[in-house]
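Chemist: Okay, so here is run.txt, and as you'll see once you scroll down, it has compact mmCIF, C-alpha atoms (C1' of nucleotides).
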# COMPACT_ATOMS: atom_id res chain seq x y z
CA MET A 15 65.46 39.44 117.11
CA LYS A 16 65.14 42.70 119.02
CA CYS A 17 61.76 44.41 119.00
CA MET A 18 61.04 47.89 120.22
CA GLY A 19 58.06 48.35 122.54
CA GLY A 20 54.97 48.83 120.41
CA ALA A 21 56.47 47.17 117.34
CA GLU A 22 54.36 44.73 115.38
CA ILE A 23 55.99 41.32 115.13
CA PHE A 24 53.50 39.99 112.66
CA GLY A 25 50.13 41.22 111.45
CA GLN A 26 46.70 39.65 111.53
CA GLY A 27 46.19 37.55 108.42
CA LYS A 28 49.86 37.64 107.48
CA SER A 29 51.47 34.51 106.16
CA ALA A 30 52.66 32.32 109.02
CA GLU A 31 56.24 31.67 108.00
CA TYR A 32 57.62 31.91 111.48
CA VAL A 33 56.91 30.77 114.96
CA CYS A 34 58.25 32.88 117.82
CA GLN A 35 59.48 32.53 121.36
CA VAL A 36 59.86 35.31 123.89
CA ILE A 37 63.41 35.33 125.19
CA GLU A 38 63.10 38.57 127.13
CA GLY A 39 60.24 41.02 127.31
CA ALA A 40 56.51 40.76 126.73
CA VAL A 41 54.26 40.33 123.71
CA ARG A 42 50.52 40.57 123.18
CA SER A 43 48.39 38.58 120.73
CA CYS A 44 45.41 40.55 119.56
CA LYS A 45 42.54 40.69 117.16
CA HIS A 46 41.56 44.07 115.77
CA LEU A 47 38.19 45.15 114.43
CA SER A 48 37.99 47.79 111.74
CA ASP A 49 36.51 50.37 114.12
CA GLY A 50 39.43 50.17 116.51
CA ARG A 51 38.04 47.71 119.02
CA ARG A 52 40.62 45.21 120.10
CA GLN A 53 40.66 41.98 122.05
CA ILE A 54 43.91 40.71 123.49
CA SER A 55 43.70 36.97 123.80
CA ALA A 56 46.98 36.39 125.59
CA PHE A 57 50.13 37.94 126.95
CA HIS A 58 53.36 36.12 126.18
CA LEU A 59 56.15 36.35 128.73
CA ASN A 60 59.61 34.90 129.12
CA GLY A 61 59.92 31.55 127.43
CA ASP A 62 56.43 31.51 125.94
CA ILE A 63 55.96 30.36 122.38
CA PHE A 64 53.48 32.22 120.20
CA GLY A 65 52.51 32.52 116.57
CA LEU A 66 52.03 28.80 116.21
CA GLU A 67 49.52 28.19 113.44
CA ASN A 68 48.10 25.21 111.72
CA GLY A 69 46.79 27.08 108.72
CA ASN A 70 49.07 29.26 106.68
CA SER A 71 48.18 32.68 108.03
CA HIS A 72 48.24 34.25 111.46
CA ARG A 73 44.84 34.61 113.06
CA PHE A 74 46.29 37.37 115.26
CA ALA A 75 48.53 40.31 115.31
CA ALA A 76 51.49 40.00 117.68
CA GLU A 77 52.98 43.17 119.10
CA ALA A 78 55.84 43.77 121.49
CA ILE A 79 54.54 45.43 124.65
CA ILE A 80 57.97 46.56 125.79
CA ASP A 81 61.40 46.24 124.23
CA SER A 82 61.75 42.51 123.74
CA THR A 83 63.99 39.83 122.39
CA VAL A 84 62.24 37.21 120.33
CA ARG A 85 63.59 34.02 118.87
CA ILE A 86 62.38 33.32 115.38
CA LEU A 87 61.83 29.72 114.38
CA ASP A 88 61.21 28.61 110.83
CA ARG A 89 57.73 27.31 110.36
CA ARG A 90 58.56 24.80 107.68
CA SER A 91 61.30 23.11 109.59
CA ILE A 92 58.92 22.71 112.51
CA ASP A 93 56.31 21.20 110.22
CA VAL A 94 58.88 18.82 108.83
CA ALA A 95 60.00 17.86 112.31
CA ALA A 96 56.39 17.30 113.40
CA ASP A 97 55.79 15.12 110.36
CA THR A 98 58.65 12.83 111.19
CA ASP A 99 59.13 13.01 114.91
CA LEU A 100 56.43 11.92 117.31
CA LEU A 101 57.99 13.78 120.20
CA VAL A 102 57.85 17.09 118.35
CA SER A 103 54.34 16.36 117.24
CA HIS A 104 53.37 15.62 120.82
CA GLU A 105 55.01 18.81 122.00
CA LEU A 106 53.01 20.83 119.48
CA LEU A 107 49.81 19.26 120.69
CA ASP A 108 50.74 20.12 124.27
CA LEU A 109 51.37 23.74 123.41
CA THR A 110 48.14 24.04 121.49
CA THR A 111 46.17 22.39 124.27
CA GLU A 112 47.66 24.78 126.78
CA SER A 113 46.52 27.74 124.69
CA LEU A 114 43.10 26.20 124.32
CA GLN A 115 42.79 25.73 128.04
CA HIS A 116 43.71 29.34 128.67
CA ALA A 117 41.23 30.48 126.04
CA GLU A 118 38.46 28.42 127.62
CA ASP A 119 39.06 29.93 131.03
CA HIS A 120 39.19 33.36 129.48
CA MET A 121 35.83 32.85 127.79
CA LEU A 122 34.26 32.26 131.19
CA LEU A 123 35.88 35.44 132.45
CA LEU A 124 34.76 37.52 129.47
CA GLY A 125 31.28 36.11 129.28
CA ARG A 126 30.27 35.86 132.90
CA LYS A 127 32.50 37.69 135.36
CA SER A 128 32.18 41.15 136.88
CA SER A 129 34.87 43.78 136.54
CA ILE A 130 36.19 43.06 140.03
CA GLU A 131 36.42 39.36 139.31
CA ARG A 132 38.20 40.03 136.03
CA VAL A 133 40.79 42.31 137.55
CA ALA A 134 41.35 39.93 140.45
CA ALA A 135 41.85 37.04 138.03
CA PHE A 136 44.25 39.13 136.00
CA LEU A 137 46.36 40.06 139.01
CA LEU A 138 46.54 36.47 140.17
CA GLU A 139 47.51 35.28 136.71
CA MET A 140 50.28 37.85 136.50
CA ASP A 141 51.39 37.10 140.03
CA ARG A 142 51.69 33.45 139.11
CA ARG A 143 53.53 34.16 135.89
CA LEU A 144 55.94 36.95 136.71
CA ALA A 145 55.93 37.85 140.35
CA ALA A 146 58.83 37.96 142.65
CA ARG A 147 57.45 37.50 146.17
CA GLY A 148 54.03 39.05 145.64
CA ILE A 149 55.29 42.08 143.77
CA VAL A 150 53.93 42.18 140.25
CA THR A 151 55.75 44.39 137.78
CA LEU A 152 53.35 44.80 134.90
CA PRO A 153 54.89 45.32 131.49
CA MET A 154 51.57 46.37 129.97
CA THR A 155 49.54 49.56 130.10
CA ARG A 156 46.01 49.95 131.45
CA ARG A 157 44.79 49.91 127.86
CA ASP A 158 46.35 46.48 127.32
CA ILE A 159 44.80 45.21 130.53
CA ALA A 160 41.42 46.60 129.52
CA ASP A 161 41.57 45.00 126.09
CA TYR A 162 42.56 41.72 127.68
CA LEU A 163 39.71 41.81 130.19
CA GLY A 164 37.02 43.22 127.92
CA LEU A 165 36.72 46.42 129.97
CA THR A 166 37.66 50.10 129.53
CA ILE A 167 40.81 51.65 130.94
CA GLU A 168 38.71 53.71 133.33
CA THR A 169 37.02 50.64 134.77
CA VAL A 170 40.37 48.90 135.19
CA SER A 171 41.81 51.95 136.89
CA ARG A 172 38.81 52.38 139.18
CA THR A 173 38.83 48.72 140.12
CA LEU A 174 42.52 48.80 140.96
CA SER A 175 41.94 51.91 143.07
CA MET A 176 39.14 50.14 144.85
CA LEU A 177 41.36 47.15 145.59
CA ARG A 178 44.04 49.54 146.84
CA ASP A 179 41.56 51.36 149.09
CA SER A 180 40.33 48.10 150.56
CA GLY A 181 43.88 47.09 151.46
CA ILE A 182 44.25 44.21 149.04
CA LEU A 183 47.11 45.74 147.08
CA ARG A 184 49.54 48.64 147.05
CA PHE A 185 51.16 50.58 144.24
CA GLN A 186 54.90 50.39 144.64
CA SER A 187 56.01 52.97 142.11
CA GLU A 188 55.06 56.29 140.63
CA THR A 189 54.00 54.87 137.30
CA GLN A 190 51.51 52.47 138.89
CA ARG A 191 53.02 49.48 137.15
CA LYS A 192 54.52 47.86 140.22
CA ILE A 193 51.81 46.33 142.34
CA GLN A 194 52.26 44.59 145.64
CA LEU A 195 49.62 42.01 146.46
CA LEU A 196 48.93 42.28 150.16
CA ASP A 197 46.19 39.71 150.44
CA ARG A 198 46.17 37.05 147.80
CA HIS A 199 43.64 35.06 149.71
CA ARG A 200 41.02 37.77 149.49
CA LEU A 201 41.95 38.28 145.85
CA ALA A 202 41.37 34.61 145.17
CA GLU A 203 37.93 34.88 146.76
CA LEU A 204 37.09 37.80 144.51
CA ASP A 205 38.18 35.77 141.50
CA CYS A 206 35.64 33.11 142.49
CA MET B 10 25.11 5.75 123.30
CA LYS B 11 21.69 7.35 123.55
CA CYS B 12 21.37 10.46 125.70
CA MET B 13 18.16 12.12 126.76
CA GLY B 14 17.91 15.86 126.31
CA GLY B 15 19.37 17.53 129.40
CA ALA B 16 21.44 14.52 130.40
CA GLU B 17 25.01 15.07 131.52
CA ILE B 18 27.48 13.13 129.38
CA PHE B 19 30.42 13.89 131.61
CA GLY B 20 30.97 16.34 134.44
CA GLN B 21 33.45 19.13 134.91
CA GLY B 22 36.64 17.79 136.48
CA LYS B 23 35.65 14.19 135.85
CA SER B 24 38.30 11.75 134.72
CA ALA B 25 38.67 11.88 130.94
CA GLU B 26 38.42 8.23 130.05
CA TYR B 27 36.40 8.79 126.93
CA VAL B 28 36.29 10.99 123.91
CA CYS B 29 32.94 11.52 122.23
CA GLN B 30 31.47 12.17 118.83
CA VAL B 31 27.99 13.43 118.09
CA ILE B 32 26.25 11.02 115.74
CA GLU B 33 22.85 12.65 115.96
CA GLY B 34 21.65 15.50 118.13
CA ALA B 35 23.36 18.38 119.87
CA VAL B 36 25.64 18.75 122.88
CA ARG B 37 26.93 21.74 124.83
CA SER B 38 30.30 22.12 126.56
CA CYS B 39 30.07 24.35 129.57
CA LYS B 40 31.82 25.64 132.62
CA HIS B 41 29.77 26.20 135.75
CA LEU B 42 30.49 28.57 138.60
CA SER B 43 29.32 27.73 142.10
CA ASP B 44 26.72 30.51 142.07
CA GLY B 45 24.99 29.14 138.99
CA ARG B 46 26.60 31.27 136.34
CA ARG B 47 27.47 29.28 133.28
CA GLN B 48 29.50 29.82 130.15
CA ILE B 49 28.93 27.59 127.17
CA SER B 50 32.11 27.47 125.13
CA ALA B 51 30.81 25.47 122.21
CA PHE B 52 27.88 23.61 120.73
CA HIS B 53 28.64 20.25 119.18
CA LEU B 54 26.52 19.14 116.26
CA ASN B 55 26.43 16.19 113.90
CA GLY B 56 29.86 14.70 113.43
CA ASP B 57 31.65 16.94 115.91
CA ILE B 58 34.14 15.43 118.29
CA PHE B 59 34.22 16.70 121.85
CA GLY B 60 35.69 15.80 125.21
CA LEU B 61 39.18 15.57 123.80
CA GLU B 62 41.62 16.28 126.61
CA ASN B 63 45.32 16.29 127.03
CA GLY B 64 45.30 16.16 130.79
CA ASN B 65 43.44 13.45 132.62
CA SER B 66 40.30 15.29 133.59
CA HIS B 67 37.60 17.14 131.68
CA ARG B 68 37.83 20.90 131.91
CA PHE B 69 34.14 21.06 131.01
CA ALA B 70 30.83 19.51 131.58
CA ALA B 71 29.17 18.12 128.46
CA GLU B 72 25.40 17.93 128.36
CA ALA B 73 23.00 16.72 125.71
CA ILE B 74 20.79 19.59 124.56
CA ILE B 75 18.22 17.35 122.94
CA ASP B 76 17.92 13.59 122.68
CA SER B 77 21.20 12.60 121.07
CA THR B 78 23.25 9.68 119.94
CA VAL B 79 26.89 9.85 120.91
CA ARG B 80 29.72 7.58 119.93
CA ILE B 81 32.09 6.82 122.77
CA LEU B 82 35.75 6.35 121.97
CA ASP B 83 38.27 4.98 124.40
CA ARG B 84 40.74 7.60 125.45
CA ARG B 85 43.65 5.24 125.99
CA SER B 86 43.46 3.64 122.61
CA ILE B 87 43.49 7.09 121.05
CA ASP B 88 46.55 8.01 123.08
CA VAL B 89 48.25 4.83 121.99
CA ALA B 90 47.38 5.49 118.38
CA ALA B 91 48.67 9.04 118.63
CA ASP B 92 51.91 7.82 120.15
CA THR B 93 52.59 5.48 117.28
CA ASP B 94 50.87 6.93 114.28
CA LEU B 95 51.80 10.31 112.89
CA LEU B 96 48.56 10.62 110.98
CA VAL B 97 46.48 10.23 114.11
CA SER B 98 48.72 12.61 115.95
CA HIS B 99 48.31 15.13 113.17
CA GLU B 100 44.57 14.69 113.22
CA LEU B 101 44.47 15.38 116.95
CA LEU B 102 46.44 18.56 116.44
CA ASP B 103 44.03 19.65 113.72
CA LEU B 104 41.03 19.10 115.94
CA THR B 105 42.60 20.96 118.84
CA THR B 106 43.63 23.84 116.59
CA GLU B 107 40.11 24.08 115.26
CA SER B 108 38.74 24.37 118.80
CA LEU B 109 41.37 26.96 119.61
CA GLN B 110 40.47 29.02 116.59
CA HIS B 111 36.82 28.97 117.55
CA ALA B 112 37.68 29.94 121.10
CA GLU B 113 39.79 32.86 119.91
CA ASP B 114 36.99 34.21 117.76
CA HIS B 115 34.60 33.74 120.61
CA MET B 116 36.81 35.74 122.98
CA LEU B 117 36.55 38.71 120.63
CA LEU B 118 32.80 38.32 120.61
CA LEU B 119 32.52 38.04 124.38
CA GLY B 120 34.98 40.79 125.14
CA ARG B 121 34.15 43.42 122.59
CA LYS B 122 30.90 42.93 120.73
CA SER B 123 27.45 44.38 121.37
CA SER B 124 24.41 42.21 121.92
CA ILE B 125 23.26 42.71 118.32
CA GLU B 126 26.63 41.70 116.95
CA ARG B 127 26.70 38.64 119.18
CA VAL B 128 23.28 37.43 118.14
CA ALA B 129 24.04 38.09 114.48
CA ALA B 130 27.28 36.11 114.75
CA PHE B 131 25.42 33.30 116.46
CA LEU B 132 22.77 33.09 113.78
CA LEU B 133 25.36 33.08 111.02
CA GLU B 134 27.34 30.38 112.77
CA MET B 135 24.27 28.21 113.16
CA ASP B 136 23.20 28.90 109.61
CA ARG B 137 26.58 27.75 108.39
CA ARG B 138 26.56 24.67 110.57
CA LEU B 139 23.04 23.33 110.41
CA ALA B 140 20.87 25.25 108.02
CA ALA B 141 18.91 23.95 105.15
CA ARG B 142 18.46 26.82 102.70
CA GLY B 143 18.46 29.67 105.19
CA ILE B 144 16.17 28.01 107.69
CA VAL B 145 17.87 27.44 110.99
CA THR B 146 16.29 24.93 113.34
CA LEU B 147 17.86 25.62 116.68
CA PRO B 148 18.18 22.68 119.03
CA MET B 149 18.98 24.91 122.00
CA THR B 150 16.89 27.11 124.26
CA ARG B 151 17.25 30.86 124.73
CA ARG B 152 19.08 30.12 127.97
CA ASP B 153 21.69 28.11 126.11
CA ILE B 154 22.10 30.87 123.56
CA ALA B 155 22.43 33.45 126.32
CA ASP B 156 25.06 31.44 128.15
CA TYR B 157 26.94 30.96 124.90
CA LEU B 158 26.89 34.66 124.06
CA GLY B 159 27.47 36.04 127.54
CA LEU B 160 24.05 37.71 127.68
CA THR B 161 20.75 37.15 129.50
CA ILE B 162 17.81 35.31 127.97
CA GLU B 163 15.84 38.55 127.95
CA THR B 164 18.50 40.34 125.91
CA VAL B 165 18.69 37.45 123.45
CA SER B 166 14.92 37.43 123.10
CA ARG B 167 14.70 41.19 122.66
CA THR B 168 17.48 41.19 120.09
CA LEU B 169 15.82 38.44 118.07
CA SER B 170 12.53 40.36 118.20
CA MET B 171 14.34 43.43 116.96
CA LEU B 172 15.87 41.52 114.06
CA ARG B 173 12.44 40.12 113.26
CA ASP B 174 10.87 43.58 113.36
CA SER B 175 13.52 44.98 111.04
CA GLY B 176 12.83 42.25 108.50
CA ILE B 177 16.11 40.39 108.82
CA LEU B 178 14.56 37.15 110.03
CA ARG B 179 11.27 35.39 110.58
CA PHE B 180 10.12 32.85 113.11
CA GLN B 181 8.85 29.81 111.28
CA SER B 182 7.21 27.92 114.10
CA GLU B 183 5.26 28.36 117.26
CA THR B 184 8.12 27.46 119.54
CA GLN B 185 10.40 30.10 118.07
CA ARG B 186 13.12 27.59 117.38
CA LYS B 187 12.83 27.61 113.62
CA ILE B 188 14.24 30.81 112.22
CA GLN B 189 14.33 31.84 108.61
CA LEU B 190 17.13 34.21 107.70
CA LEU B 191 15.73 36.67 105.20
CA ASP B 192 18.76 38.86 104.74
CA ARG B 193 22.06 37.22 105.48
CA HIS B 194 23.93 40.12 103.96
CA ARG B 195 22.59 42.58 106.48
CA LEU B 196 23.20 40.04 109.22
CA ALA B 197 26.82 39.76 108.14
CA GLU B 198 27.15 43.53 108.35
CA LEU B 199 25.80 43.49 111.88
CA ASP B 200 28.30 40.83 112.79
CA CYS B 201 31.11 43.18 111.70
C1' DC C 18 59.48 74.68 128.77
C1' DG C 19 55.64 72.66 126.16
C1' DG C 20 53.98 68.47 124.39
C1' DT C 21 52.92 63.68 124.71
C1' DG C 22 51.63 59.41 126.82
C1' DG C 23 49.96 57.09 130.72
C1' DG C 24 47.07 57.13 134.71
C1' DT C 25 43.21 58.68 137.89
C1' DT C 26 38.87 60.54 139.10
C1' DG C 27 34.20 62.62 138.64
C1' DA C 28 29.68 63.27 136.42
C1' DG C 29 26.45 61.77 133.41
C1' DG C 30 24.69 58.46 129.97
C1' DT C 31 23.34 53.99 128.28
C1' DA C 32 23.34 49.13 127.10
C1' DT C 33 22.31 45.42 129.41
C1' DT C 34 20.53 43.23 133.48
C1' DT C 35 17.06 42.49 136.88
C1' DC C 36 12.51 42.00 138.32
C1' DA C 37 7.89 41.09 137.21
C1' DA C 38 3.99 39.72 134.53
C1' DG C 39 1.78 37.29 131.00
C1' DG C 40 1.21 34.15 126.85
C1' DC C 41 1.76 29.77 124.60
C1' DT C 42 2.51 24.73 124.30
C1' DC C 43 2.58 20.41 126.07
C1' DG C 44 2.04 16.59 129.12
C1' DT C 45 -0.38 14.64 133.08
C1' DG C 46 -4.10 13.37 135.78
C1' DG C 47 -8.74 13.91 137.41
C1' DC D 10 -12.19 16.30 127.75
C1' DC D 11 -10.69 19.91 130.49
C1' DA D 12 -7.90 21.76 134.24
C1' DC D 13 -3.54 22.44 135.82
C1' DG D 14 1.28 23.14 136.24
C1' DA D 15 5.78 23.34 134.20
C1' DG D 16 8.86 24.99 130.86
C1' DC D 17 9.92 28.24 127.44
C1' DC D 18 9.56 32.64 125.44
C1' DT D 19 8.37 37.56 125.20
C1' DT D 20 7.66 42.15 126.79
C1' DG D 21 7.65 46.14 129.93
C1' DA D 22 9.55 48.96 133.67
C1' DA D 23 13.08 49.95 136.77
C1' DA D 24 17.81 49.37 138.35
C1' DT D 25 22.70 49.20 137.68
C1' DA D 26 27.27 48.08 136.13
C1' DC D 27 29.97 49.71 133.06
C1' DC D 28 31.05 53.13 129.48
C1' DT D 29 31.78 57.83 127.74
C1' DC D 30 33.28 62.27 128.12
C1' DA D 31 36.04 65.51 130.35
C1' DA D 32 39.34 67.36 133.40
C1' DC D 33 43.38 66.87 135.71
C1' DC D 34 47.98 65.02 137.47
C1' DC D 35 52.50 63.31 136.75
C1' DA D 36 56.70 61.68 134.46
C1' DC D 37 59.37 61.92 130.65
C1' DC D 38 61.71 64.01 126.77
C1' DG D 39 63.22 66.81 122.96
Please express the file's structure as structure tokens.
Modeler:
Amino acid sequence: MKCMGGAEIFGQGKSAEYVCQVIEGAVRSCKHLSDGRRQISAFHLNGDIFGLENGNSHRFAAEAIIDSTVRILDRRSIDVAADTDLLVSHELLDLTTESLQHAEDHMLLLGRKSSIERVAAFLLEMDRRLAARGIVTLPMTRRDIADYLGLTIETVSRTLSMLRDSGILRFQSETQRKIQLLDRHRLAELDC
Amino acid sequence: MKCMGGAEIFGQGKSAEYVCQVIEGAVRSCKHLSDGRRQISAFHLNGDIFGLENGNSHRFAAEAIIDSTVRILDRRSIDVAADTDLLVSHELLDLTTESLQHAEDHMLLLGRKSSIERVAAFLLEMDRRLAARGIVTLPMTRRDIADYLGLTIETVSRTLSMLRDSGILRFQSETQRKIQLLDRHRLAELDC
DNA sequence: CGGTGGGTTGAGGTATTTCAAGGCTCGTGG
DNA sequence: CCACGAGCCTTGAAATACCTCAACCCACCG
């Protein structure tokens, strides 16, 4: 399925009839509060599976960040497979555990880290997940980053500027979405 | 197994040979940073299972909050059971999903909620999990609460005082660990 | 061209933290 | 029995990290 950037793939609380996989593009999972506050719990990039639920409704909204291609898998056939095949069942557990692990690390970040540490951790995560040779091409806006890190766009922007000024990174393009990491070692120290 | 309050049940990064269940008492799962910062990701109360891992080391430290009785289950026999029995495998997935769901909700709290909202959410969670008729007897200290909510002890204390002064709760004992919720409806509104 | 969306930067405000002091309870030992 | 210290909690005052508000720049697009 093709999704335009910004399109909602499924809404929070909607019936979980499908499970999805990113083929190409980027997707965010987020929780919305009624007053507009938002927390992004994860970004899903090439190959990532998302929208896996145990209950029958999605605990998140999923939205395409940029134009994306998403594979739709039928929920029921997965359930059936998991109920008969131990390998599938094991695979589901692995996927869920991976999400849990990420969530646990993210709780530490959100609860206890400074803005610099958060941004550093974010850059390293993205470098690990989508970089080609230290150049990170971010699909998401500053707002997405802020809602992922529990900060405001201004704080994210200021922190990136600070890292630029101290020689740890460089902006490679006009739109500020291509970032070259010049000193991953110092970044890793900041991440603590 | 009997554990004294404050005792470490297993350490962060330690080999995950056992899975545990709280029989009586209370346990915290936490991540420590080298500089002493700490994030508690969950409290485990009567009946709760914790220390379940997919990899071979614990991603957390687990510590008894008060004197507790913990049942120790052998990790390998669980793995074996999961590899042969679909019911066990399904049960493991359920437990992991439950943790994940809690972690996701907690990320929203840590990333986007005010101190009042955090404390309100905490009180409601504890009320749901261990209250007898609106009286919550907290096993944990203010420090534990603070490290769970991503706040300082002073902020937790001030927020509780504020809720007391506005008639939403009352302290029932000298040690401030017994809290009577007088107006759960208003608390739920604060939680948003 | 003008409008819109994304990003940066500055100035000022504020929620929360930090630092400091004091109260209460409890256990220990003289 | 009382003194003492330790641990836990509260409260106040001051500091600060981060947020809010506002202005501006730039790229893109109809």
Chemist: Which residues of chain D are close to chain B, meaning at most 8 Å apart when you count only C-alpha atoms (C1' of nucleotides), and how do they look as a list of chain:residue names?
Modeler: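 Every residue of chain D that passes the 8 Å test is in D:DC17, D:DC18, D:DT19.
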Chemist: Could you save the residues just selected, with C-alpha atoms (C1' of nucleotides), as a PDB file, in the frame of the given file?
Modeler:
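Here's the written file again_33.pdb:
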ATOM      1  C1'  DC D  17       9.920  28.240 127.440  1.00  0.00           C
ATOM      2  C1'  DC D  18       9.560  32.640 125.440  1.00  0.00           C
ATOM      3  C1'  DT D  19       8.370  37.560 125.200  1.00  0.00           C
TER       4       DT D  19
END
Chemist: Could you list, as a PyMOL selection string, the residues of chain B having an atom within 6 Å of chain A when counting all atoms listed in the file?
Modeler: chain B and resi 48+102+109+116-117+119-120+159
Chemist: Take atom C1' of DT42 of chain C and atom CA of Arg186 of chain B and report the distance between them in Å, one decimal.
Modeler: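 Computing it gives 13.0 Å between the two atoms.
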Chemist: Using only C-alpha atoms (C1' of nucleotides), I'd like every residue of chain C that has an atom within 10 Å of chain A; please write them out as a VMD selection string.
Modeler: chain C and resid 23 to 26
Chemist: So that I can see what lies close to segment 85-91 of chain A, please list as a compact mmCIF listing (two decimals) with C-alpha atoms, in the coordinates of the input the residues with an atom at most 10 Å from it, counting all atoms listed in the file and leaving out residues fewer than 2 positions away in the same chain.
Modeler:
# COMPACT_ATOMS: atom_id res chain seq x y z
CA MET A 15 65.46 39.44 117.11
CA LYS A 16 65.14 42.70 119.02
CA ALA A 30 52.66 32.32 109.02
CA GLU A 31 56.24 31.67 108.00
CA TYR A 32 57.62 31.91 111.48
CA VAL A 33 56.91 30.77 114.96
CA CYS A 34 58.25 32.88 117.82
CA GLN A 35 59.48 32.53 121.36
CA VAL A 36 59.86 35.31 123.89
CA ILE A 37 63.41 35.33 125.19
CA GLU A 38 63.10 38.57 127.13
CA GLY A 61 59.92 31.55 127.43
CA ILE A 63 55.96 30.36 122.38
CA GLY A 65 52.51 32.52 116.57
CA LEU A 66 52.03 28.80 116.21
CA GLU A 67 49.52 28.19 113.44
CA ASN A 68 48.10 25.21 111.72
CA ASN A 70 49.07 29.26 106.68
CA SER A 82 61.75 42.51 123.74
CA THR A 83 63.99 39.83 122.39
CA ASP A 93 56.31 21.20 110.22
CA VAL A 94 58.88 18.82 108.83
CA ALA A 95 60.00 17.86 112.31
CA ALA A 96 56.39 17.30 113.40
CA ASP A 97 55.79 15.12 110.36
Chemist: Rounded to one decimal in Å, what is the spacing between atom CA of Ala75 of chain A and atom CA of Met18 of chain A?
Modeler: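 Computing the Euclidean distance for atom CA of Ala75 of chain A and atom CA of Met18 of chain A yields 15.4 Å.
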Chemist: Please list as a list of chain:residue names every residue within 12 Å of DT45 of chain C, counting only C-alpha atoms (C1' of nucleotides) and excluding residues in the same chain fewer than 4 positions away.
Modeler: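 Contacts, in chain order: D:DC11, D:DA12, D:DC13, D:DG14, D:DA15.
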Chemist: Keeping only C-alpha atoms (C1' of nucleotides), write the selected residues to a file as a compact mmCIF listing (two decimals), in the frame of the given file.
Modeler:
# COMPACT_ATOMS: atom_id res chain seq x y z
C1' DC D 11 -10.69 19.91 130.49
C1' DA D 12 -7.90 21.76 134.24
C1' DC D 13 -3.54 22.44 135.82
C1' DG D 14 1.28 23.14 136.24
C1' DA D 15 5.78 23.34 134.20
Chemist: Between A:Thr151, A:Ser43, A:Ser128, A:Gln194, which has the minimum distance to Arg178 of chain A (counting only C-alpha atoms)?
Modeler: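 Smallest separation from Arg178 of chain A among the options: A:Gln194.
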